[in-house]
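Since the structure comes first, as structure tokens, the remarks are kept for the end.
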Amino acid sequence: MNGGMTYDVIVVGAGSMGMSAGYHLAKQGVRTLLIDSFNPPHGEGSHHGEPRLIRHAYSGGPAYITMALRAQELWEELQAETGTELMVPSGVINIAGADAFRTRAEDARKLGVSVELLDAAEIGRRWPGFELPEHFAGMYEPDAGYLFSEKCVAAYRRLAEEAGARLLTDTPVRQLNAREGGVAVHTDRGVYYAQQAILATGAWFRTLEPFVKLPVRAVRKAVGWFQPKQPLFGAGRFPGFTIGGGDGGYYGFPDIGGAGVKIGRHDTGVEWTAGEALEPFGRYEEDEGDLRRALEAYMPQAAGPLNRGAVCKYELSPDEQFMIDRHPVHPSVLLAGGFSGHGFKFSSVVGEILADLMLYGRTPFDIGPFALTRFTQGSPGPMVSG
């Protein structure tokens, strides 16, 4: 069977980044084909298990901050256009050692982000659910909040298809070829052709080798929802949070609709290879153990019974910064990966950036920090192959 029609752009991987890119392309009249191995939104990538934090005062400096602010605008537009609640402005408190946030807060304020620096005592007064060591401090972002990630992907899917994009679900890509004038994408349903392509396959990038070999390490991550012992953590009164201490880095959310306080660990994780079974929650002691110990240390009244657990995947770059760049051998192919567990909030603007690069060859955002050359300069061999 032959795929037949030639498209302007084929997007391989229709998760958060790919689906957003497909929407931004299709709404501008680009003949767009999205191909995914599953049926998005789904549980095989990094976008399931709602919600996800959206915050703006980023440690990566102006490049991330300006993208985060634009991402918020685009999420608000998507929410208005679909009439679906996608984002909740809960505020987010970032907690760590006393001097962790000074430079970050200065960078954020210069770009118009509202932040407050709070000591441990003030954090405890505002949100009695926190019981923090005296040497801890926080940076509160009142305009930050959380996104319903699966609903966001579904919203972009709906609008992309309404704008004329075609979506092939349950269709793994078996091979890619690029040559002057186009890209060929081989699947079990046939071969599809386009002038350009975007590859945004997340933790599944290894399935595209040898056409591309990115330094992406996929890891299994566990998250849990815990029943609070006291009514201190409900949505509307308790913020989203991040906590960084000597015992690891954690992030979480208030109790939304009685589901429980959600918490996950950002560091650590068991390596996973694309195509292998993902071990269920509870396979390892630390799945629940690490999360419970963090709650007991910083939010003991949230450390009640486990309501449920889930697992997902991170796709880590070596420096945990994004990779957005052209294929070094085939410039008609854009690569977007390595979002390293903090990318979902940016997927609205990353899709816009990818569409602009496809259509105009440029973007107003500084994507220099995401260039692939940072891995090849001074290394013994290429990280990306043709």
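Quick note on naming: the chains in the structure tokens go A, B, ... in the order shown, residues restart at 1 in each chain, and ligands are numbered from 1 in order of appearance.
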
inquiry  = Taking only segment 141-376 of chain A into account, list the residues labelled strand (DSSP E) by DSSP (computed from the backbone), as number ranges by chain.
reply    = A: 141, 145-147, 166-168, 173-179, 182-187, 190-199, 217-226, 240-245, 248-253, 261-265, 270-271, 306-316, 323-326, 333-337

query = With distances taken over only C-alpha atoms, which of A:Gln195, A:Leu232, A:Val88, A:Ser332 is nearest to Arg126 of chain A?
reply =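 For Arg126 of chain A, the nearest of the candidates is A:Leu232.
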
Helix (DSSP H, G or I) call set, DSSP backbone run, segment 26-148 of chain A, as a ChimeraX atom specification = /A:26,62-82,102-110,120-126

key: Who sits within 7 Å of segment 138-148 of chain A, only C-alpha atoms, same chain under 4 positions skipped, as a count of residues only   = 27
